[in-house]
Amino acid sequence: MFSFQVTHSCGAARRGEMQTPHGVVQTPAFMPVGTQGAVKAITQRDLESLGAEILLSNTYHLYLRPGADRIARLGGLHKFISWSKPILTDSGGYQVFSLAARRKVHEQGATFRSHLDGSEHLLTPEGAVDIQAKLGSDITMVLDECLEHPASTSRARESLDRTLRWARRAREHFVKMKEGPYPFSNPGQAQFGIVQGGTFRELREISVEGTLDIGFDAYAIGGLSVGEAIPDMYDVTEYTAALLPAASPRYLMGVGTPLDLVESVARGIDLFDCVLPTRNGRNGQLFTSEGRLNIKNAEFAYDERPPDPACGCYTCRTFSRAYLRHLFQAGEMAGATLNTLHNLHFYLDTMRRIREAIVFATLEELRQSYRRIFPVQPVDSTRDDPE
């Protein structure tokens with residue numbers, strides 16, 4: 001029940017359709033991040049009105065609260081959150097490894113203490129498969145070891161070797177479950193492997209070869225947007241994407257800015273997630289056709305213009321910059337909602353424009369326009385997890 005078809009190409013960029021048990025996703029696609037089963041500040045009705053076709057939720061957070069068993073008893077994640085379209089669940093690897101002093105990585109998996117109550121837990125590759133099976137998501141991710149940056153070549157190799165061993169265990173467990181009586185609500189669930197290796201080309205190649213040898217439904221590029229220079233991120237993305245199968249979607253995890261989306265699609269990427277549009281919206285930063293706009297700035301106190309005159313979203317059709325600034329200054333929740341609505345509209349509309357540009361072979365023109373609007377800045381912490 002999971003498949004992928006490329007319908008158009010423009011250089012390395014691909015326009016396609018990804019079939020899942022809960023519907024088709026037009027690619028390249030951006031997944032709003034609903035870590036705990038909810039995209040912060042907005043509702044599922046808002047997401048549908050924006051045209052979101054797939055959401056991302058997180059194994060670590062849902063396992064700790066409310067618990068995978070409870071979600072399974074309540075009919076699975078789709079029913080629990082009232083979302084009928086596709087869902088991808090991250091394995092929780094990044095969240096576990098970001099706990100630093102609260103976790104210990106070993107061959108069996110990762111032992112960690114909950115950020116909620118300090119209770120101790122063990123997350124194994126097999127356990128991550130089991131949790132995501134209970135959640136019933138359409139796409140699941142294997143448990144990987146997320147490498148810190150910077151890291152030495154030897155440290156990166158050690159990490160990627162462990163990730164490959166974990167990936168094989170996860171795949172074997174996933175296949176065994178599929179071959180037996182599948183106990184949960186989504187028998188069409190797919191599993192993605194994750195390529196690691198830091199910023200080292202030779203290690204990325206080793207990781208690709210090992211992950212392909214295991215064999216997954218599709219593949220993701222992990223371990224980027226963690227502090228490396230933007231040119232390094234683009235270089236690793238381009239090099240790694242070219243090594244992945246053309247017949248499978250390629251997912252770049254945790255990336256990125258609007259410019260990153262365009263640049264990465266041009267390098268062969270099909271699927272993205274990132275907290276920037278929602279997190280930055282709550283903090284008063286809007287992504288617009290004229291660049292980034294910090295709505296909290298005093299210059300907007302009497303500004304009657306919409307946040308983005310070229311945007312047709314509800315926020316821009318209805319409210320002024322002055323009003324949005326007032327909401328932010330007053331600490332009103334409506335400000336976070338309206339900012340988030342706009343930012344997600346901008347991201348999803350960017351993906352629509354990218355798909356059209358691939359079909360009409362105008363992607364380079366679109367890329368140059370985004371380079372003018374969003375000049376490269378110091379690295380955003382796109383893999384921070386306040387969501």
# chains A, B, ... in the order shown; residues from 1 in each chain; ligands from 1
call {"tool": "residues_around", "arguments": {"residues": "Phe319 (chain A)", "least_positions_apart": "5", "cutoff": "10 Å", "atoms": "only C-alpha atoms", "output": "MDAnalysis selection string"}}
result
chainID A and resid 304:307 314 324 338
call {"tool": "residues_around", "arguments": {"residues": "Gln44 (chain A)", "least_positions_apart": "3", "cutoff": "7 Å", "atoms": "only C-alpha atoms", "output": "list in words"}}
result
Leu47, Glu48 and Trp83 of chain A
call {"tool": "write_last_selection", "arguments": {"atoms": "C-alpha atoms", "output": "tab-separated table (two decimals), in the first residue's frame"}}
result
chain	number	residue	atom	x	y	z
A	47	LEU	CA	-4.09	22.31	8.54
A	48	GLU	CA	-6.69	20.95	6.13
A	83	TRP	CA	-6.47	13.33	11.14
call {"tool": "residues_around", "arguments": {"residues": "Leu62 (chain A)", "least_positions_apart": "2", "cutoff": "10 Å", "atoms": "only C-alpha atoms", "output": "ChimeraX atom specification"}}
result
/A:35-37,57-60,64-71,77,89,92,131-132,135
call {"tool": "closest_residue", "arguments": {"among": "A:Leu99, A:Ala156, A:Ala133, A:Ala38", "to": "Gly76 (chain A)", "atoms": "only C-alpha atoms"}}
result
A:Ala133
call {"tool": "select_by_dssp", "arguments": {"residues": "region 153-337 of chain A", "states": "helix (DSSP H, G or I)", "output": "VMD selection string"}}
result
chain A and resid 153 to 179 201 to 214 230 to 243 258 to 265 276 to 282 298 to 300 314 to 318 321 to 330 333 to 337
call {"tool": "write_last_selection", "arguments": {"atoms": "C-alpha atoms", "output": "PDB file, in the first residue's frame"}}
result
ATOM      1  CA  THR A 153      35.959  10.765  11.534  1.00  0.00           C
ATOM      2  CA  SER A 154      36.451   7.893  13.968  1.00  0.00           C
ATOM      3  CA  ARG A 155      33.517   9.012  16.123  1.00  0.00           C
ATOM      4  CA  ALA A 156      31.320   9.397  13.041  1.00  0.00           C
ATOM      5  CA  ARG A 157      32.293   5.923  11.806  1.00  0.00           C
ATOM      6  CA  GLU A 158      31.550   4.361  15.186  1.00  0.00           C
ATOM      7  CA  SER A 159      28.153   6.039  15.233  1.00  0.00           C
ATOM      8  CA  LEU A 160      27.196   5.059  11.707  1.00  0.00           C
ATOM      9  CA  ASP A 161      28.231   1.427  12.291  1.00  0.00           C
ATOM     10  CA  ARG A 162      25.955   1.284  15.329  1.00  0.00           C
ATOM     11  CA  THR A 163      23.146   2.885  13.325  1.00  0.00           C
ATOM     12  CA  LEU A 164      23.544   0.191  10.647  1.00  0.00           C
ATOM     13  CA  ARG A 165      23.429  -2.597  13.229  1.00  0.00           C
ATOM     14  CA  TRP A 166      20.334  -1.057  14.772  1.00  0.00           C
ATOM     15  CA  ALA A 167      18.776  -0.606  11.326  1.00  0.00           C
ATOM     16  CA  ARG A 168      19.186  -4.300  10.493  1.00  0.00           C
ATOM     17  CA  ARG A 169      17.571  -5.289  13.783  1.00  0.00           C
ATOM     18  CA  ALA A 170      14.716  -2.846  13.178  1.00  0.00           C
ATOM     19  CA  ARG A 171      14.114  -4.111   9.661  1.00  0.00           C
ATOM     20  CA  GLU A 172      14.164  -7.757  10.677  1.00  0.00           C
ATOM     21  CA  HIS A 173      11.682  -7.052  13.464  1.00  0.00           C
ATOM     22  CA  PHE A 174       9.443  -5.007  11.158  1.00  0.00           C
ATOM     23  CA  VAL A 175       9.398  -7.728   8.478  1.00  0.00           C
ATOM     24  CA  LYS A 176       8.715 -10.431  11.064  1.00  0.00           C
ATOM     25  CA  MET A 177       5.722  -8.479  12.323  1.00  0.00           C
ATOM     26  CA  LYS A 178       4.431  -7.978   8.784  1.00  0.00           C
ATOM     27  CA  GLU A 179       4.728 -11.681   7.981  1.00  0.00           C
ATOM     28  CA  ARG A 201      31.432  11.965   2.060  1.00  0.00           C
ATOM     29  CA  GLU A 202      33.190   8.634   2.403  1.00  0.00           C
ATOM     30  CA  LEU A 203      31.145   7.777   5.493  1.00  0.00           C
ATOM     31  CA  ARG A 204      27.909   8.814   3.828  1.00  0.00           C
ATOM     32  CA  GLU A 205      28.755   6.423   1.000  1.00  0.00           C
ATOM     33  CA  ILE A 206      29.411   3.585   3.460  1.00  0.00           C
ATOM     34  CA  SER A 207      26.139   4.338   5.230  1.00  0.00           C
ATOM     35  CA  VAL A 208      24.177   4.372   1.973  1.00  0.00           C
ATOM     36  CA  GLU A 209      25.655   1.041   0.889  1.00  0.00           C
ATOM     37  CA  GLY A 210      24.915  -0.578   4.234  1.00  0.00           C
ATOM     38  CA  THR A 211      21.384   0.810   4.463  1.00  0.00           C
ATOM     39  CA  LEU A 212      20.536  -0.217   0.905  1.00  0.00           C
ATOM     40  CA  ASP A 213      21.894  -3.685   1.627  1.00  0.00           C
ATOM     41  CA  ILE A 214      19.387  -4.029   4.466  1.00  0.00           C
ATOM     42  CA  ILE A 230      25.122  25.712   5.165  1.00  0.00           C
ATOM     43  CA  PRO A 231      27.426  24.930   2.192  1.00  0.00           C
ATOM     44  CA  ASP A 232      28.453  21.685   3.927  1.00  0.00           C
ATOM     45  CA  MET A 233      24.811  20.740   4.431  1.00  0.00           C
ATOM     46  CA  TYR A 234      24.039  21.336   0.767  1.00  0.00           C
ATOM     47  CA  ASP A 235      27.139  19.421  -0.338  1.00  0.00           C
ATOM     48  CA  VAL A 236      26.327  16.365   1.788  1.00  0.00           C
ATOM     49  CA  THR A 237      22.688  16.475   0.709  1.00  0.00           C
ATOM     50  CA  GLU A 238      23.563  16.568  -2.983  1.00  0.00           C
ATOM     51  CA  TYR A 239      26.198  13.858  -2.721  1.00  0.00           C
ATOM     52  CA  THR A 240      24.043  11.526  -0.623  1.00  0.00           C
ATOM     53  CA  ALA A 241      20.803  12.001  -2.557  1.00  0.00           C
ATOM     54  CA  ALA A 242      22.536  10.979  -5.783  1.00  0.00           C
ATOM     55  CA  LEU A 243      23.490   7.657  -4.169  1.00  0.00           C
ATOM     56  CA  PRO A 258      12.458  28.309   2.711  1.00  0.00           C
ATOM     57  CA  LEU A 259      15.734  28.627   0.784  1.00  0.00           C
ATOM     58  CA  ASP A 260      16.858  25.231   2.112  1.00  0.00           C
ATOM     59  CA  LEU A 261      13.705  23.657   0.674  1.00  0.00           C
ATOM     60  CA  VAL A 262      14.305  25.024  -2.809  1.00  0.00           C
ATOM     61  CA  GLU A 263      18.033  24.262  -2.751  1.00  0.00           C
ATOM     62  CA  SER A 264      17.498  20.730  -1.473  1.00  0.00           C
ATOM     63  CA  VAL A 265      14.777  19.912  -4.001  1.00  0.00           C
ATOM     64  CA  LEU A 276      10.932  26.677  11.878  1.00  0.00           C
ATOM     65  CA  PRO A 277       7.560  27.845  10.493  1.00  0.00           C
ATOM     66  CA  THR A 278       5.701  27.021  13.709  1.00  0.00           C
ATOM     67  CA  ARG A 279       8.400  27.852  16.248  1.00  0.00           C
ATOM     68  CA  ASN A 280       9.361  31.117  14.572  1.00  0.00           C
ATOM     69  CA  GLY A 281       5.708  32.065  14.146  1.00  0.00           C
ATOM     70  CA  ARG A 282       5.140  31.741  17.892  1.00  0.00           C
ATOM     71  CA  ALA A 298       8.382  48.865  16.948  1.00  0.00           C
ATOM     72  CA  GLU A 299       8.351  50.008  13.311  1.00  0.00           C
ATOM     73  CA  PHE A 300       5.109  48.056  12.789  1.00  0.00           C
ATOM     74  CA  TYR A 314      -6.383  34.153   6.160  1.00  0.00           C
ATOM     75  CA  THR A 315      -3.926  36.119   8.289  1.00  0.00           C
ATOM     76  CA  CYS A 316      -2.789  38.348   5.431  1.00  0.00           C
ATOM     77  CA  ARG A 317      -6.300  38.797   4.028  1.00  0.00           C
ATOM     78  CA  THR A 318      -7.676  39.903   7.369  1.00  0.00           C
ATOM     79  CA  ARG A 321       1.007  44.208  10.911  1.00  0.00           C
ATOM     80  CA  ALA A 322       0.034  46.642  13.666  1.00  0.00           C
ATOM     81  CA  TYR A 323      -2.593  44.246  15.021  1.00  0.00           C
ATOM     82  CA  LEU A 324      -0.290  41.224  14.897  1.00  0.00           C
ATOM     83  CA  ARG A 325       2.364  43.228  16.737  1.00  0.00           C
ATOM     84  CA  HIS A 326      -0.219  44.191  19.360  1.00  0.00           C
ATOM     85  CA  LEU A 327      -1.173  40.535  19.858  1.00  0.00           C
ATOM     86  CA  PHE A 328       2.472  39.588  20.318  1.00  0.00           C
ATOM     87  CA  GLN A 329       3.123  42.441  22.757  1.00  0.00           C
ATOM     88  CA  ALA A 330       0.000  41.536  24.723  1.00  0.00           C
ATOM     89  CA  MET A 333      -2.555  33.278  21.959  1.00  0.00           C
ATOM     90  CA  ALA A 334      -4.280  34.492  18.812  1.00  0.00           C
ATOM     91  CA  GLY A 335      -1.010  36.081  17.734  1.00  0.00           C
ATOM     92  CA  ALA A 336       0.795  32.735  17.755  1.00  0.00           C
ATOM     93  CA  THR A 337      -2.096  31.144  15.849  1.00  0.00           C
TER      94      THR A 337
END
